[in-house]
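Reading through the structure tokens given below for one structure.
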Amino acid sequence: QQQVKQSPQSLIVQKGGISIINCAYENTAFDYFPWYQQFPGKGPALLIAIRPDVSEKKEGRFTISFNKSAKQFSLHIMDSQPGDSATYFCAARTYTGNQFYFGTGTSLTVIP
Amino acid sequence: NAGVTQTPKFQVLKTGQSMTLQCAQDMNHEYMSWYRQDPGMGLRLIHYSVGAGITDQGEVPNGYNVSRSTTEDFPLRLLSAAPSQTSVYFCASQNRGSPLHFGNGTRLTVT
């Protein structure tokens, strides 16, 4: 059973456009929601993260929107660049268990 | 500061062979974990450790063993490799409440 559901599986965006990746969860014990970025041949690296007491967090061109009542969160990449082409994973963690549950990943391609 | 180091980067095994995937971290993190990454499946937790001498099973532990004799090292053992274990394996470390730091992975093929 997938604890965190991620969509879409793949995404193609023109340079300068907005990339949006969505995730949903059911476990209300999750208290930390990170996004990881992975380039080919590399391990995932933390991109941005949010806790459920805020509805939005922005770091440069990357924004997480969080809807606690709907149990959904999304990653928005503004002014998408070819260098953003990578696989993105959402994740969730319960503080007590300290275990991370990952979405299935989104392969983003930004066309010049 | 090397972070999380995994060896080897690539490995090909025949069915039934055994091997150990190595993982070392130099950040003095208490938690270490192993994930496997398969297309369309995301990252799934195999085993994890909350400190030296303490290990526990994750979501997909069958066919794998781990031990944690030091804070720095967390090897993953395949006792009898099967084609279903063909995957990319990632080791990660963290301190409690902090983000995961991943190594660059080991790509394993079992024929």
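Letters A, B, ... go to the chains of the structure tokens in the order shown; residues in each chain start at 1; ligands are counted from 1 in the same order.
Residues of chain B lying within 9 Å of chain A, counting only C-alpha atoms, are Pro39, Gly40, Met41, Gly42, Leu43, Arg44, Leu45, Tyr48, Gly58, Phe90, Cys91, Arg96, Gly97, Pro99, Leu100, His101, Phe102, Gly103, Asn104 and Gly105 of chain B.
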Write out as a count of residues only the residues lying within 7 Å of segment 17-28 of chain A, counting only C-alpha atoms and excluding same-chain residues fewer than 5 positions away.
-> 17
Within 6 Å of Leu108 of chain B using only C-alpha atoms, minus same-chain residues under 3 positions, as a PDB file with C-alpha atoms, in the first residue's frame:
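The file below, out_14.pdb, is the result:
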```
ATOM      1  CA  PHE B  10      27.933  -1.351 -10.199  1.00  0.00           C
ATOM      2  CA  GLN B  11      27.702  -5.100  -9.631  1.00  0.00           C
ATOM      3  CA  VAL B  12      26.544  -8.085 -11.646  1.00  0.00           C
ATOM      4  CA  THR B  86      17.927  -6.369  -9.522  1.00  0.00           C
ATOM      5  CA  SER B  87      17.619  -2.734  -8.500  1.00  0.00           C
TER       6      SER B  87
END
```
Can you list, as a list of chain:residue names, every protein, DNA or RNA residue that comes within 7 Å of Gly3 of chain B when you count only C-alpha atoms, leaving out same-chain residues fewer than 3 positions away?
->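 What passes the distance filter is B:Gln25, B:Asp26, B:Met27.
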Write the residues you've just listed into a file as a JSON list (two decimals), in the first residue's frame, and include N, CA and C atoms for each of them.
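Result went into again-v4.json, see below:
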```json
[["chain", "number", "residue", "atom", "x", "y", "z"],
["B", 25, "GLN", "N", 29.34, 6.52, 6.44],
["B", 25, "GLN", "CA", 29.06, 7.95, 6.56],
["B", 25, "GLN", "C", 30.00, 8.57, 7.58],
["B", 26, "ASP", "N", 30.38, 9.82, 7.30],
["B", 26, "ASP", "CA", 31.34, 10.52, 8.17],
["B", 26, "ASP", "C", 30.71, 11.74, 8.83],
["B", 27, "MET", "N", 29.39, 11.74, 8.99],
["B", 27, "MET", "CA", 28.69, 12.88, 9.57],
["B", 27, "MET", "C", 28.24, 12.60, 11.00]]
```
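Atom to atom, atom CA of Ser85 of chain A and atom CA of Ser107 of chain A stand 7.6 Å apart.
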Could you jot down the atom CA of Gly51 of chain B to atom CA of Tyr35 of chain B separation for me, Å, one decimal place?
->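 So the answer is 17.3 Å.
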Closest to Arg77 of chain B among B:Ser98, B:Gln57, B:Ser49, B:Ser18, using only C-alpha atoms?
->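 Between B:Ser98, B:Gln57, B:Ser49, B:Ser18, the residue approaching Arg77 of chain B most closely is B:Ser18.
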Filtered DSSP result for segment 27-105 of chain B, state strand (DSSP E), as a PyMOL selection string = chain B and resi 31-38+42-51+54-57+64-66+76-78+87-94+101-102
Can you spit out the residues from that selection as a PDB file, in the first residue's frame, using C-alpha atoms?
```pdb
ATOM      1  CA  TYR B  31      20.303   6.760  11.892  1.00  0.00           C
ATOM      2  CA  MET B  32      21.226   4.800   8.781  1.00  0.00           C
ATOM      3  CA  SER B  33      18.992   3.071   6.278  1.00  0.00           C
ATOM      4  CA  TRP B  34      18.911   1.144   3.018  1.00  0.00           C
ATOM      5  CA  TYR B  35      16.427   1.770   0.211  1.00  0.00           C
ATOM      6  CA  ARG B  36      15.889   0.145  -3.127  1.00  0.00           C
ATOM      7  CA  GLN B  37      14.686   2.126  -6.121  1.00  0.00           C
ATOM      8  CA  ASP B  38      12.697   0.433  -8.853  1.00  0.00           C
ATOM      9  CA  GLY B  42       9.778   5.000  -5.779  1.00  0.00           C
ATOM     10  CA  LEU B  43      12.164   4.360  -2.889  1.00  0.00           C
ATOM     11  CA  ARG B  44      11.289   1.512  -0.555  1.00  0.00           C
ATOM     12  CA  LEU B  45      12.894   0.976   2.841  1.00  0.00           C
ATOM     13  CA  ILE B  46      14.720  -2.341   3.262  1.00  0.00           C
ATOM     14  CA  HIS B  47      16.342  -2.108   6.727  1.00  0.00           C
ATOM     15  CA  TYR B  48      17.318   0.660   9.061  1.00  0.00           C
ATOM     16  CA  SER B  49      19.381   1.243  12.179  1.00  0.00           C
ATOM     17  CA  VAL B  50      18.892   3.749  14.986  1.00  0.00           C
ATOM     18  CA  GLY B  51      22.392   3.270  16.364  1.00  0.00           C
ATOM     19  CA  ILE B  54      20.393  -1.815  16.713  1.00  0.00           C
ATOM     20  CA  THR B  55      18.695  -2.726  13.444  1.00  0.00           C
ATOM     21  CA  ASP B  56      15.124  -3.229  12.304  1.00  0.00           C
ATOM     22  CA  GLN B  57      13.183  -4.230   9.219  1.00  0.00           C
ATOM     23  CA  TYR B  64      18.580  -8.980   2.915  1.00  0.00           C
ATOM     24  CA  ASN B  65      20.576  -8.855   6.143  1.00  0.00           C
ATOM     25  CA  VAL B  66      22.187  -5.923   7.905  1.00  0.00           C
ATOM     26  CA  LEU B  76      23.743  -4.672   3.353  1.00  0.00           C
ATOM     27  CA  ARG B  77      24.136  -8.405   2.652  1.00  0.00           C
ATOM     28  CA  LEU B  78      22.424 -10.433  -0.026  1.00  0.00           C
ATOM     29  CA  SER B  87      17.619  -2.734  -8.500  1.00  0.00           C
ATOM     30  CA  VAL B  88      19.442   0.429  -7.542  1.00  0.00           C
ATOM     31  CA  TYR B  89      20.292   0.471  -3.844  1.00  0.00           C
ATOM     32  CA  PHE B  90      20.697   3.657  -1.846  1.00  0.00           C
ATOM     33  CA  CYS B  91      22.123   4.056   1.620  1.00  0.00           C
ATOM     34  CA  ALA B  92      21.060   7.086   3.662  1.00  0.00           C
ATOM     35  CA  SER B  93      21.903   8.606   7.015  1.00  0.00           C
ATOM     36  CA  GLN B  94      20.387  11.253   9.268  1.00  0.00           C
ATOM     37  CA  HIS B 101      21.389  12.289   3.217  1.00  0.00           C
ATOM     38  CA  PHE B 102      21.778   9.739   0.419  1.00  0.00           C
TER      39      PHE B 102
END
```
Here atom CA of Cys23 of chain B and atom CA of Pro8 of chain B stand apart by 9.4 Å
